[in-house]
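Report on one structure; see the data block that follows.
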Amino acid sequence: MNILVSGAGVAGLSLGRDLGMRGHSVTIVERADQLRGNGSPIDVRGDAIDVAQKMGLLSAIRDARIRMTEQVHFVDENGTAVGRLPDDIGDSPDDIEIAREDLARILADALPVTVALRLGESIESVAERDDRVDVGFASGGSEGFDLVLGADGMHSAVRRLVFGPEQNWIRHLGLYVAIADMPGEADAEAERINPMYNSPGLLAGIARFKDRAIGLLMFLSDPVDYDYRDVEAQKNLLFDHFEGCGWKIPAILDAVRADPHLYFDSVSQIHLPTWHRGRFALVGDAAHCASPLAGRGTSLALTGAQFLAEELERSGDDYATAFARYEARQRPYVEFAQGTVAGGGALLVPPTREAIASRNQLLQPVGAGG
Ligand SMILES: Cc1cc2nc3c(=O)[nH]c(=O)nc-3n(C[C@H](O)[C@H](O)[C@H](O)COP(=O)(O)OP(=O)(O)OC[C@H]3O[C@@H](n4cnc5c(N)ncnc54)[C@H](O)[C@@H]3O)c2cc1C
């Protein structure tokens, strides 16, 4: 089949690989003009490890494995540790942590020649016909495809065009998150810990991996009306919430100011009653974002892409059956992942001084066990 994939994140690149290897002709359009590697490292975990194995990419992914600084230490305003997260909150030892740019590179390098990756391109319009979908592109052209797959993230354009506005499907979890590169902090401390600092309704942190450091900011907030693609608007929201705060927040705000590729988004989930309609299907965050609190978005993208490619192979031209089977296999993973987030926000970003103090009671003393 001649298949269009919107988005070249983990879901889109995996679809490209999985579909291309099965003989489909695939075009991936990515709105950004390069593959996006910013943000925090990501985890390949659970059954996604077997998926990577089936893709033939597990050893490359393992070779690029990082261990982001081992422990999260909550600190006070002076940087003195007040405790660390209990051990049972951590990851499984089987999880593979990898920088986003490395996973994107591994997936892109593995695209077969039948896959065309068009950077700086996006879908503007879609019209479903009996035998194809006519797609209009932002660059002006128009082409017909057998299937159109939306792998374009939480703010998916395919979802908007086919299933309606984002506000119908998004569940805001009461937080916003930002990640900025902090080149100046990369080697700043020999001790490999992640310091995190809270003030009421706010979290700031610094983490190091490879030769990089990133600053993390989270704040509690009801949904804010802003253009989610406007980086200056995102930065202003962060300044509004964090200016005048203590610890290393001024340095993190400097990093925010200087970073043209800041990652900023609401901490939200996407819930849709179905992920396919006609010749369209959604994969990854576009279908079922579980939020950064779940830590499973990348693994869900990998499993979903593979299930969809396998089911299309199994069902031949009967894409409707393939879409339904893909959804039946992927739903249990999504429901589990989306269900893991309860309480995570309150633990990381307590709303008041009292709540910070009670959360701190749950922490383990630094230097004790594990
Ligand atoms: C730059 C970036 C940084 C991130 N950082 C973090 C992080 O620090 N922590 C975290 O938990 N999660 C982060 N995420 C989300 C995380 O990557 C996903 O949850 C997970 O990897 C699932 O991936 P996905 O491919 O479904 O979606 P995404 O990773 O969101 O990828 C979607 C891709 O589609 C592209 N796209 C969007 N709209 C269009 C369009 N209209 N046309 C064409 N292409 C489009 C985007 O540029 C992106 O490359 C980040 C996502 C991005 C894009």
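Convention: chains lettered A, B, ... in structure tokens order; per-chain residue numbering from 1; ligands numbered from 1 as shown.
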I'd like the contact shell of A:Gly20 - 6 Å cut-off, only C-alpha atoms, skipping same-chain residues fewer than 6 positions apart - returned as a PDB file with C-alpha atoms, in the first residue's frame.
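Here's the written file around-v3.pdb:
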ATOM      1  CA  PRO A 112      14.310   1.058   4.431  1.00  0.00           C
ATOM      2  CA  THR A 114      10.971   2.409   0.376  1.00  0.00           C
ATOM      3  CA  VAL A 115      10.403   5.067   3.041  1.00  0.00           C
TER       4      VAL A 115
END
**Report entry** Contacts of ligand 1, 6 Å or closer, only C-alpha atoms and all ligand atoms, given as a VMD selection string
**Finding:** chain A and resid 6 to 12 29 to 32 36 38 to 40 122 to 123 151 to 154 156 to 157 179 263 284 to 286 292 295 297 to 298 301
Any chance you could export the current selection's N, CA and C atoms as an mmCIF file, in the first residue's frame?
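Writing the result to result_30.cif gives the following:
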data_model
loop_
_atom_site.group_PDB
_atom_site.id
_atom_site.type_symbol
_atom_site.label_atom_id
_atom_site.label_comp_id
_atom_site.auth_asym_id
_atom_site.auth_seq_id
_atom_site.Cartn_x
_atom_site.Cartn_y
_atom_site.Cartn_z
ATOM 1 N N SER A 6 2.061 10.936 9.336
ATOM 2 C CA SER A 6 2.292 12.321 9.767
ATOM 3 C C SER A 6 3.052 12.287 11.092
ATOM 4 N N GLY A 7 4.274 12.870 11.104
ATOM 5 C CA GLY A 7 5.054 12.920 12.340
ATOM 6 C C GLY A 7 6.205 11.941 12.327
ATOM 7 N N ALA A 8 7.404 12.428 12.656
ATOM 8 C CA ALA A 8 8.600 11.569 12.693
ATOM 9 C C ALA A 8 9.185 11.535 14.102
ATOM 10 N N GLY A 9 8.299 11.315 15.091
ATOM 11 C CA GLY A 9 8.777 11.002 16.434
ATOM 12 C C GLY A 9 8.996 9.494 16.514
ATOM 13 N N VAL A 10 9.008 8.973 17.722
ATOM 14 C CA VAL A 10 9.237 7.529 17.882
ATOM 15 C C VAL A 10 8.141 6.744 17.166
ATOM 16 N N ALA A 11 6.889 7.172 17.300
ATOM 17 C CA ALA A 11 5.792 6.429 16.659
ATOM 18 C C ALA A 11 5.926 6.465 15.135
ATOM 19 N N GLY A 12 6.162 7.642 14.556
ATOM 20 C CA GLY A 12 6.206 7.773 13.097
ATOM 21 C C GLY A 12 7.397 7.046 12.492
ATOM 22 N N VAL A 29 5.898 12.618 6.773
ATOM 23 C CA VAL A 29 6.095 14.076 6.783
ATOM 24 C C VAL A 29 6.281 14.536 8.220
ATOM 25 N N GLU A 30 7.287 15.366 8.440
ATOM 26 C CA GLU A 30 7.592 15.892 9.772
ATOM 27 C C GLU A 30 7.613 17.413 9.683
ATOM 28 N N ARG A 31 6.833 18.024 10.555
ATOM 29 C CA ARG A 31 6.707 19.482 10.502
ATOM 30 C C ARG A 31 8.028 20.193 10.776
ATOM 31 N N ALA A 32 8.805 19.679 11.727
ATOM 32 C CA ALA A 32 10.090 20.316 12.047
ATOM 33 C C ALA A 32 11.070 20.108 10.897
ATOM 34 N N ARG A 36 13.656 15.642 15.950
ATOM 35 C CA ARG A 36 13.694 16.386 17.205
ATOM 36 C C ARG A 36 14.276 15.516 18.318
ATOM 37 N N ASN A 38 15.394 17.019 21.433
ATOM 38 C CA ASN A 38 15.422 17.706 22.732
ATOM 39 C C ASN A 38 14.459 17.037 23.712
ATOM 40 N N GLY A 39 14.364 17.580 24.906
ATOM 41 C CA GLY A 39 13.550 16.943 25.943
ATOM 42 C C GLY A 39 14.408 16.013 26.775
ATOM 43 N N SER A 40 13.749 15.349 27.700
ATOM 44 C CA SER A 40 14.507 14.491 28.609
ATOM 45 C C SER A 40 14.692 13.112 27.980
ATOM 46 N N SER A 122 3.977 19.304 6.355
ATOM 47 C CA SER A 122 2.857 18.824 7.173
ATOM 48 C C SER A 122 1.578 18.790 6.354
ATOM 49 N N ILE A 123 0.603 18.063 6.911
ATOM 50 C CA ILE A 123 -0.689 17.904 6.243
ATOM 51 C C ILE A 123 -1.558 19.122 6.531
ATOM 52 N N ALA A 151 0.809 10.070 13.460
ATOM 53 C CA ALA A 151 1.782 9.793 14.529
ATOM 54 C C ALA A 151 2.383 11.129 14.944
ATOM 55 N N ASP A 152 1.518 12.144 14.979
ATOM 56 C CA ASP A 152 2.001 13.514 15.141
ATOM 57 C C ASP A 152 1.741 14.063 16.549
ATOM 58 N N GLY A 153 1.852 13.182 17.533
ATOM 59 C CA GLY A 153 1.958 13.630 18.911
ATOM 60 C C GLY A 153 0.656 14.112 19.544
ATOM 61 N N MET A 154 0.807 14.627 20.767
ATOM 62 C CA MET A 154 -0.368 14.990 21.564
ATOM 63 C C MET A 154 -1.250 16.018 20.860
ATOM 64 N N SER A 156 -1.897 16.303 17.686
ATOM 65 C CA SER A 156 -1.991 15.733 16.333
ATOM 66 C C SER A 156 -2.892 16.513 15.373
ATOM 67 N N ALA A 157 -2.335 16.787 14.184
ATOM 68 C CA ALA A 157 -3.138 17.441 13.140
ATOM 69 C C ALA A 157 -4.099 16.440 12.501
ATOM 70 N N ILE A 179 11.477 21.471 29.635
ATOM 71 C CA ILE A 179 12.850 20.968 29.713
ATOM 72 C C ILE A 179 13.704 21.880 28.852
ATOM 73 N N TYR A 263 11.482 22.343 25.335
ATOM 74 C CA TYR A 263 10.303 21.470 25.334
ATOM 75 C C TYR A 263 9.348 21.994 26.391
ATOM 76 N N GLY A 284 0.609 6.177 18.771
ATOM 77 C CA GLY A 284 1.442 6.927 19.722
ATOM 78 C C GLY A 284 0.640 7.982 20.460
ATOM 79 N N ASP A 285 1.316 9.065 20.866
ATOM 80 C CA ASP A 285 0.655 10.104 21.658
ATOM 81 C C ASP A 285 -0.574 10.671 20.961
ATOM 82 N N ALA A 286 -0.580 10.696 19.645
ATOM 83 C CA ALA A 286 -1.739 11.221 18.909
ATOM 84 C C ALA A 286 -2.997 10.455 19.307
ATOM 85 N N PRO A 292 3.833 12.567 30.567
ATOM 86 C CA PRO A 292 5.187 12.271 31.059
ATOM 87 C C PRO A 292 5.168 11.575 32.415
ATOM 88 N N GLY A 295 5.700 7.840 32.049
ATOM 89 C CA GLY A 295 7.028 7.355 31.642
ATOM 90 C C GLY A 295 6.953 6.206 30.649
ATOM 91 N N GLY A 297 5.399 6.660 27.272
ATOM 92 C CA GLY A 297 4.969 7.114 25.952
ATOM 93 C C GLY A 297 5.781 6.504 24.825
ATOM 94 N N THR A 298 7.078 6.376 25.026
ATOM 95 C CA THR A 298 7.943 5.828 23.980
ATOM 96 C C THR A 298 7.660 4.353 23.778
ATOM 97 N N ALA A 301 4.507 3.931 21.930
ATOM 98 C CA ALA A 301 4.679 4.259 20.501
ATOM 99 C C ALA A 301 5.279 3.070 19.758
#
Query raised in the report: Just asking: which residues within stretch 113-362 of chain A are strand (DSSP E) according to DSSP, as a ChimeraX atom specification?
Result: /A:115-119,123-128,133-137,142-145,147-150,170-181,193-199,202-209,212-220,263-270,276-277,280-282
Please report, as a tab-separated table (two decimals) with N, CA and C atoms, in the first residue's frame, each residue of stretch 80-238 of chain A to which DSSP assigns helix (DSSP H, G or I) when run on this structure's backbone.
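Final output, saved to states.tsv:
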chain	number	residue	atom	x	y	z
A	87	ASP	N	12.82	3.60	46.95
A	87	ASP	CA	13.33	2.73	45.88
A	87	ASP	C	12.21	2.17	45.01
A	88	ASP	N	11.03	1.89	45.61
A	88	ASP	CA	10.00	1.20	44.81
A	88	ASP	C	9.32	2.13	43.81
A	89	ILE	N	9.73	3.39	43.77
A	89	ILE	CA	9.17	4.30	42.76
A	89	ILE	C	10.02	4.27	41.48
A	100	ARG	N	16.74	10.96	23.64
A	100	ARG	CA	15.77	11.02	22.55
A	100	ARG	C	16.45	11.11	21.20
A	101	GLU	N	17.55	11.90	21.15
A	101	GLU	CA	18.22	12.07	19.85
A	101	GLU	C	18.82	10.75	19.37
A	102	ASP	N	19.27	9.89	20.30
A	102	ASP	CA	19.89	8.62	19.90
A	102	ASP	C	18.83	7.66	19.37
A	103	LEU	N	17.67	7.60	20.05
A	103	LEU	CA	16.62	6.69	19.57
A	103	LEU	C	16.11	7.17	18.20
A	104	ALA	N	15.96	8.48	18.05
A	104	ALA	CA	15.49	9.01	16.75
A	104	ALA	C	16.51	8.66	15.65
A	105	ARG	N	17.79	8.79	15.95
A	105	ARG	CA	18.82	8.49	14.95
A	105	ARG	C	18.81	7.01	14.59
A	106	ILE	N	18.70	6.14	15.60
A	106	ILE	CA	18.70	4.69	15.34
A	106	ILE	C	17.50	4.32	14.46
A	107	LEU	N	16.35	4.87	14.78
A	107	LEU	CA	15.15	4.55	13.99
A	107	LEU	C	15.26	5.12	12.58
A	108	ALA	N	15.75	6.35	12.46
A	108	ALA	CA	15.86	6.97	11.13
A	108	ALA	C	16.88	6.23	10.27
A	109	ASP	N	18.00	5.82	10.88
A	109	ASP	CA	19.02	5.09	10.12
A	109	ASP	C	18.49	3.74	9.64
A	157	ALA	N	-2.33	16.79	14.18
A	157	ALA	CA	-3.14	17.44	13.14
A	157	ALA	C	-4.10	16.44	12.50
A	158	VAL	N	-3.65	15.19	12.33
A	158	VAL	CA	-4.54	14.18	11.72
A	158	VAL	C	-5.76	13.97	12.62
A	159	ARG	N	-5.51	13.92	13.95
A	159	ARG	CA	-6.65	13.73	14.86
A	159	ARG	C	-7.64	14.89	14.74
A	160	ARG	N	-7.09	16.11	14.67
A	160	ARG	CA	-7.98	17.28	14.57
A	160	ARG	C	-8.79	17.22	13.28
A	161	LEU	N	-8.12	16.87	12.16
A	161	LEU	CA	-8.81	16.88	10.86
A	161	LEU	C	-9.85	15.77	10.76
A	162	VAL	N	-9.60	14.63	11.41
A	162	VAL	CA	-10.48	13.47	11.21
A	162	VAL	C	-11.45	13.27	12.38
A	163	PHE	N	-10.97	13.53	13.60
A	163	PHE	CA	-11.79	13.22	14.79
A	163	PHE	C	-12.32	14.47	15.49
A	166	GLU	N	-9.04	19.11	19.55
A	166	GLU	CA	-8.26	18.51	20.65
A	166	GLU	C	-9.01	18.57	21.98
A	167	GLN	N	-9.73	19.68	22.19
A	167	GLN	CA	-10.37	19.84	23.51
A	167	GLN	C	-11.36	18.72	23.82
A	168	ASN	N	-11.84	18.02	22.78
A	168	ASN	CA	-12.77	16.90	23.01
A	168	ASN	C	-12.07	15.69	23.61
A	183	PRO	N	23.76	23.91	28.92
A	183	PRO	CA	25.14	23.55	28.57
A	183	PRO	C	26.13	23.91	29.68
A	184	GLY	N	25.89	25.01	30.38
A	184	GLY	CA	26.82	25.46	31.42
A	184	GLY	C	26.89	24.53	32.61
A	185	GLU	N	25.89	23.66	32.78
A	185	GLU	CA	25.84	22.79	33.97
A	185	GLU	C	26.37	21.39	33.68
A	231	VAL	N	6.90	29.50	21.11
A	231	VAL	CA	7.94	29.28	22.13
A	231	VAL	C	8.07	30.49	23.05
A	232	GLU	N	7.89	31.69	22.50
A	232	GLU	CA	8.00	32.88	23.37
A	232	GLU	C	6.86	32.91	24.39
A	233	ALA	N	5.66	32.50	23.97
A	233	ALA	CA	4.54	32.44	24.92
A	233	ALA	C	4.83	31.41	26.01
A	234	GLN	N	5.43	30.29	25.62
A	234	GLN	CA	5.78	29.24	26.60
A	234	GLN	C	6.79	29.80	27.61
A	235	LYS	N	7.80	30.49	27.08
A	235	LYS	CA	8.84	31.03	27.98
A	235	LYS	C	8.22	32.05	28.94
A	236	ASN	N	7.32	32.86	28.45
A	236	ASN	CA	6.70	33.88	29.32
A	236	ASN	C	5.89	33.23	30.44
A	237	LEU	N	5.23	32.11	30.14
A	237	LEU	CA	4.51	31.41	31.20
A	237	LEU	C	5.47	30.94	32.28
A	238	LEU	N	6.62	30.44	31.85
A	238	LEU	CA	7.62	29.98	32.84
A	238	LEU	C	8.14	31.16	33.65
Selection near A:Ala309, 12 Å with only C-alpha atoms, sequence-local residues under 2 positions removed, as a PDB file with N, CA, C and O atoms, in the first residue's frame:
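Writing the result to result27.pdb gives the following:
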ATOM      1  N   MET A   1       0.842  -1.199   0.000  1.00  0.00           N
ATOM      2  CA  MET A   1       0.000   0.000   0.000  1.00  0.00           C
ATOM      3  C   MET A   1       0.878   1.251   0.000  1.00  0.00           C
ATOM      4  O   MET A   1       2.044   1.213   0.383  1.00  0.00           O
ATOM      5  N   ILE A   3       1.329   4.532   1.846  1.00  0.00           N
ATOM      6  CA  ILE A   3       0.879   4.989   3.162  1.00  0.00           C
ATOM      7  C   ILE A   3       1.564   6.299   3.537  1.00  0.00           C
ATOM      8  O   ILE A   3       2.794   6.428   3.412  1.00  0.00           O
ATOM      9  N   ALA A  11       6.889   7.172  17.300  1.00  0.00           N
ATOM     10  CA  ALA A  11       5.792   6.429  16.659  1.00  0.00           C
ATOM     11  C   ALA A  11       5.926   6.465  15.135  1.00  0.00           C
ATOM     12  O   ALA A  11       5.828   5.433  14.469  1.00  0.00           O
ATOM     13  N   GLY A  12       6.162   7.642  14.556  1.00  0.00           N
ATOM     14  CA  GLY A  12       6.206   7.773  13.097  1.00  0.00           C
ATOM     15  C   GLY A  12       7.397   7.046  12.492  1.00  0.00           C
ATOM     16  O   GLY A  12       7.270   6.360  11.470  1.00  0.00           O
ATOM     17  N   SER A  14       9.040   4.538  13.837  1.00  0.00           N
ATOM     18  CA  SER A  14       8.842   3.089  14.004  1.00  0.00           C
ATOM     19  C   SER A  14       7.860   2.569  12.959  1.00  0.00           C
ATOM     20  O   SER A  14       8.065   1.496  12.389  1.00  0.00           O
ATOM     21  N   LEU A  15       6.790   3.328  12.719  1.00  0.00           N
ATOM     22  CA  LEU A  15       5.848   2.925  11.670  1.00  0.00           C
ATOM     23  C   LEU A  15       6.564   2.840  10.330  1.00  0.00           C
ATOM     24  O   LEU A  15       6.363   1.895   9.569  1.00  0.00           O
ATOM     25  N   GLY A  16       7.401   3.831  10.042  1.00  0.00           N
ATOM     26  CA  GLY A  16       8.150   3.834   8.784  1.00  0.00           C
ATOM     27  C   GLY A  16       8.970   2.567   8.643  1.00  0.00           C
ATOM     28  O   GLY A  16       8.939   1.885   7.609  1.00  0.00           O
ATOM     29  N   ARG A  17       9.672   2.225   9.706  1.00  0.00           N
ATOM     30  CA  ARG A  17      10.503   1.021   9.686  1.00  0.00           C
ATOM     31  C   ARG A  17       9.624  -0.238   9.528  1.00  0.00           C
ATOM     32  O   ARG A  17       9.855  -1.074   8.663  1.00  0.00           O
ATOM     33  N   ASP A  18       8.610  -0.352  10.407  1.00  0.00           N
ATOM     34  CA  ASP A  18       7.811  -1.582  10.443  1.00  0.00           C
ATOM     35  C   ASP A  18       6.996  -1.780   9.159  1.00  0.00           C
ATOM     36  O   ASP A  18       6.820  -2.900   8.694  1.00  0.00           O
ATOM     37  N   LEU A  19       6.486  -0.704   8.596  1.00  0.00           N
ATOM     38  CA  LEU A  19       5.690  -0.821   7.364  1.00  0.00           C
ATOM     39  C   LEU A  19       6.591  -0.972   6.147  1.00  0.00           C
ATOM     40  O   LEU A  19       6.310  -1.769   5.243  1.00  0.00           O
ATOM     41  N   GLY A  20       7.679  -0.199   6.131  1.00  0.00           N
ATOM     42  CA  GLY A  20       8.611  -0.274   5.000  1.00  0.00           C
ATOM     43  C   GLY A  20       9.201  -1.668   4.861  1.00  0.00           C
ATOM     44  O   GLY A  20       9.327  -2.207   3.759  1.00  0.00           O
ATOM     45  N   MET A  21       9.548  -2.294   6.005  1.00  0.00           N
ATOM     46  CA  MET A  21      10.133  -3.628   5.967  1.00  0.00           C
ATOM     47  C   MET A  21       9.133  -4.667   5.456  1.00  0.00           C
ATOM     48  O   MET A  21       9.511  -5.754   5.052  1.00  0.00           O
ATOM     49  N   ARG A  22       7.849  -4.332   5.521  1.00  0.00           N
ATOM     50  CA  ARG A  22       6.827  -5.273   5.022  1.00  0.00           C
ATOM     51  C   ARG A  22       6.416  -4.936   3.591  1.00  0.00           C
ATOM     52  O   ARG A  22       5.380  -5.396   3.112  1.00  0.00           O
ATOM     53  N   GLY A  23       7.178  -4.096   2.929  1.00  0.00           N
ATOM     54  CA  GLY A  23       6.980  -3.865   1.501  1.00  0.00           C
ATOM     55  C   GLY A  23       6.054  -2.721   1.137  1.00  0.00           C
ATOM     56  O   GLY A  23       5.777  -2.501  -0.035  1.00  0.00           O
ATOM     57  N   HIS A  24       5.566  -1.986   2.142  1.00  0.00           N
ATOM     58  CA  HIS A  24       4.712  -0.841   1.811  1.00  0.00           C
ATOM     59  C   HIS A  24       5.577   0.334   1.355  1.00  0.00           C
ATOM     60  O   HIS A  24       6.732   0.471   1.747  1.00  0.00           O
ATOM     61  N   VAL A  26       6.104   4.051   1.913  1.00  0.00           N
ATOM     62  CA  VAL A  26       5.726   4.927   3.026  1.00  0.00           C
ATOM     63  C   VAL A  26       6.342   6.317   2.835  1.00  0.00           C
ATOM     64  O   VAL A  26       7.526   6.438   2.498  1.00  0.00           O
ATOM     65  N   VAL A  51       9.631  -5.681  21.252  1.00  0.00           N
ATOM     66  CA  VAL A  51       9.319  -5.028  19.975  1.00  0.00           C
ATOM     67  C   VAL A  51      10.623  -4.548  19.310  1.00  0.00           C
ATOM     68  O   VAL A  51      10.846  -4.756  18.114  1.00  0.00           O
ATOM     69  N   MET A  55      12.329  -5.672  15.772  1.00  0.00           N
ATOM     70  CA  MET A  55      12.722  -4.697  14.738  1.00  0.00           C
ATOM     71  C   MET A  55      14.191  -4.865  14.357  1.00  0.00           C
ATOM     72  O   MET A  55      14.671  -4.240  13.422  1.00  0.00           O
ATOM     73  N   LEU A 149      -1.802   7.754   8.411  1.00  0.00           N
ATOM     74  CA  LEU A 149      -1.605   7.406   9.817  1.00  0.00           C
ATOM     75  C   LEU A 149      -1.098   8.628  10.576  1.00  0.00           C
ATOM     76  O   LEU A 149      -0.101   9.241  10.193  1.00  0.00           O
ATOM     77  N   ALA A 281      -5.808   6.157  10.768  1.00  0.00           N
ATOM     78  CA  ALA A 281      -5.608   5.607  12.116  1.00  0.00           C
ATOM     79  C   ALA A 281      -4.573   6.462  12.837  1.00  0.00           C
ATOM     80  O   ALA A 281      -3.729   7.123  12.209  1.00  0.00           O
ATOM     81  N   VAL A 283      -1.595   6.682  15.990  1.00  0.00           N
ATOM     82  CA  VAL A 283      -0.613   5.847  16.694  1.00  0.00           C
ATOM     83  C   VAL A 283       0.175   6.736  17.654  1.00  0.00           C
ATOM     84  O   VAL A 283       0.396   7.923  17.380  1.00  0.00           O
ATOM     85  N   LEU A 302       6.243   2.408  20.382  1.00  0.00           N
ATOM     86  CA  LEU A 302       6.903   1.263  19.730  1.00  0.00           C
ATOM     87  C   LEU A 302       5.947   0.086  19.581  1.00  0.00           C
ATOM     88  O   LEU A 302       5.858  -0.519  18.505  1.00  0.00           O
ATOM     89  N   THR A 303       5.204  -0.239  20.652  1.00  0.00           N
ATOM     90  CA  THR A 303       4.294  -1.394  20.540  1.00  0.00           C
ATOM     91  C   THR A 303       3.178  -1.092  19.539  1.00  0.00           C
ATOM     92  O   THR A 303       2.869  -1.922  18.682  1.00  0.00           O
ATOM     93  N   GLY A 304       2.612   0.100  19.612  1.00  0.00           N
ATOM     94  CA  GLY A 304       1.500   0.436  18.713  1.00  0.00           C
ATOM     95  C   GLY A 304       1.911   0.366  17.255  1.00  0.00           C
ATOM     96  O   GLY A 304       1.178  -0.178  16.417  1.00  0.00           O
ATOM     97  N   ALA A 305       3.088   0.901  16.941  1.00  0.00           N
ATOM     98  CA  ALA A 305       3.547   0.890  15.541  1.00  0.00           C
ATOM     99  C   ALA A 305       3.710  -0.551  15.064  1.00  0.00           C
ATOM    100  O   ALA A 305       3.295  -0.904  13.951  1.00  0.00           O
ATOM    101  N   GLN A 306       4.282  -1.382  15.916  1.00  0.00           N
ATOM    102  CA  GLN A 306       4.497  -2.760  15.466  1.00  0.00           C
ATOM    103  C   GLN A 306       3.175  -3.522  15.334  1.00  0.00           C
ATOM    104  O   GLN A 306       2.964  -4.243  14.355  1.00  0.00           O
ATOM    105  N   PHE A 307       2.270  -3.355  16.298  1.00  0.00           N
ATOM    106  CA  PHE A 307       0.980  -4.058  16.198  1.00  0.00           C
ATOM    107  C   PHE A 307       0.251  -3.639  14.918  1.00  0.00           C
ATOM    108  O   PHE A 307      -0.332  -4.472  14.222  1.00  0.00           O
ATOM    109  N   GLU A 311      -0.697  -6.179  11.922  1.00  0.00           N
ATOM    110  CA  GLU A 311      -2.106  -6.438  11.592  1.00  0.00           C
ATOM    111  C   GLU A 311      -2.406  -6.067  10.147  1.00  0.00           C
ATOM    112  O   GLU A 311      -3.231  -6.718   9.497  1.00  0.00           O
ATOM    113  N   LEU A 312      -1.751  -5.048   9.623  1.00  0.00           N
ATOM    114  CA  LEU A 312      -1.946  -4.724   8.198  1.00  0.00           C
ATOM    115  C   LEU A 312      -1.399  -5.859   7.334  1.00  0.00           C
ATOM    116  O   LEU A 312      -1.976  -6.211   6.300  1.00  0.00           O
ATOM    117  N   GLU A 313      -0.313  -6.456   7.770  1.00  0.00           N
ATOM    118  CA  GLU A 313       0.250  -7.581   7.014  1.00  0.00           C
ATOM    119  C   GLU A 313      -0.719  -8.768   7.046  1.00  0.00           C
ATOM    120  O   GLU A 313      -0.978  -9.410   6.026  1.00  0.00           O
ATOM    121  N   ARG A 314      -1.275  -9.022   8.216  1.00  0.00           N
ATOM    122  CA  ARG A 314      -2.158 -10.166   8.401  1.00  0.00           C
ATOM    123  C   ARG A 314      -3.466 -10.003   7.627  1.00  0.00           C
ATOM    124  O   ARG A 314      -4.035 -10.971   7.132  1.00  0.00           O
ATOM    125  N   SER A 315      -3.954  -8.787   7.508  1.00  0.00           N
ATOM    126  CA  SER A 315      -5.290  -8.578   6.937  1.00  0.00           C
ATOM    127  C   SER A 315      -5.266  -8.190   5.466  1.00  0.00           C
ATOM    128  O   SER A 315      -6.320  -7.885   4.900  1.00  0.00           O
ATOM    129  N   GLY A 316      -4.106  -8.141   4.856  1.00  0.00           N
ATOM    130  CA  GLY A 316      -4.041  -7.798   3.436  1.00  0.00           C
ATOM    131  C   GLY A 316      -4.639  -6.428   3.176  1.00  0.00           C
ATOM    132  O   GLY A 316      -4.316  -5.466   3.846  1.00  0.00           O
ATOM    133  N   TYR A 319      -8.009  -3.109   5.534  1.00  0.00           N
ATOM    134  CA  TYR A 319      -7.387  -2.236   6.552  1.00  0.00           C
ATOM    135  C   TYR A 319      -8.320  -2.001   7.743  1.00  0.00           C
ATOM    136  O   TYR A 319      -7.869  -1.791   8.850  1.00  0.00           O
ATOM    137  N   ALA A 322      -7.686  -4.702  10.113  1.00  0.00           N
ATOM    138  CA  ALA A 322      -6.338  -4.501  10.681  1.00  0.00           C
ATOM    139  C   ALA A 322      -6.373  -3.411  11.747  1.00  0.00           C
ATOM    140  O   ALA A 322      -5.792  -3.570  12.834  1.00  0.00           O
ATOM    141  N   PHE A 323      -7.042  -2.307  11.465  1.00  0.00           N
ATOM    142  CA  PHE A 323      -7.108  -1.199  12.437  1.00  0.00           C
ATOM    143  C   PHE A 323      -7.790  -1.671  13.727  1.00  0.00           C
ATOM    144  O   PHE A 323      -7.359  -1.346  14.826  1.00  0.00           O
ATOM    145  N   ARG A 325      -8.018  -4.713  14.906  1.00  0.00           N
ATOM    146  CA  ARG A 325      -7.161  -5.663  15.641  1.00  0.00           C
ATOM    147  C   ARG A 325      -5.990  -4.946  16.314  1.00  0.00           C
ATOM    148  O   ARG A 325      -5.584  -5.292  17.423  1.00  0.00           O
ATOM    149  N   TYR A 326      -5.436  -3.978  15.609  1.00  0.00           N
ATOM    150  CA  TYR A 326      -4.347  -3.163  16.213  1.00  0.00           C
ATOM    151  C   TYR A 326      -4.849  -2.534  17.503  1.00  0.00           C
ATOM    152  O   TYR A 326      -4.204  -2.597  18.557  1.00  0.00           O
ATOM    153  N   GLU A 327      -6.027  -1.954  17.437  1.00  0.00           N
ATOM    154  CA  GLU A 327      -6.555  -1.255  18.607  1.00  0.00           C
ATOM    155  C   GLU A 327      -6.814  -2.236  19.757  1.00  0.00           C
ATOM    156  O   GLU A 327      -6.512  -1.934  20.919  1.00  0.00           O
TER     157      GLU A 327
END
Requested in this report: Within 9 Å of A:Asp254, counting only C-alpha atoms, which residues show up once you throw out same-chain ones fewer than 5 positions away? Write them as an NGL selection string, please.
Outcome: :A and (182 or 249 or 259)
Could the residues in this selection be written to a file with N, CA, C and O atoms, as a tab-separated table (two decimals), in the first residue's frame?
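Output file part17.tsv follows:
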chain	number	residue	atom	x	y	z
A	182	MET	N	20.96	22.85	29.44
A	182	MET	CA	21.77	23.71	30.32
A	182	MET	C	23.24	23.42	30.05
A	182	MET	O	23.91	22.75	30.86
A	249	ILE	N	16.96	28.18	40.38
A	249	ILE	CA	15.94	28.52	39.39
A	249	ILE	C	16.39	29.68	38.49
A	249	ILE	O	16.15	29.63	37.27
A	259	ASP	N	17.37	28.77	25.15
A	259	ASP	CA	17.17	27.51	24.41
A	259	ASP	C	16.12	27.70	23.32
A	259	ASP	O	14.93	27.84	23.61
Report task. Tell me, in Å to one decimal, how far atom CA of A:Pro41 is from atom CA of A:Glu97. Result ->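 Straight-line distance from atom CA of A:Pro41 to atom CA of A:Glu97 works out to 6.6 Å.
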Query raised in the report: In terms of the shortest atom-to-atom distance over only C-alpha atoms, which of A:Val148, A:Leu58, A:Ala48, A:Met218 is closest to A:Gly174?
Result: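 Among the listed residues, the smallest separation from A:Gly174 belongs to A:Met218.
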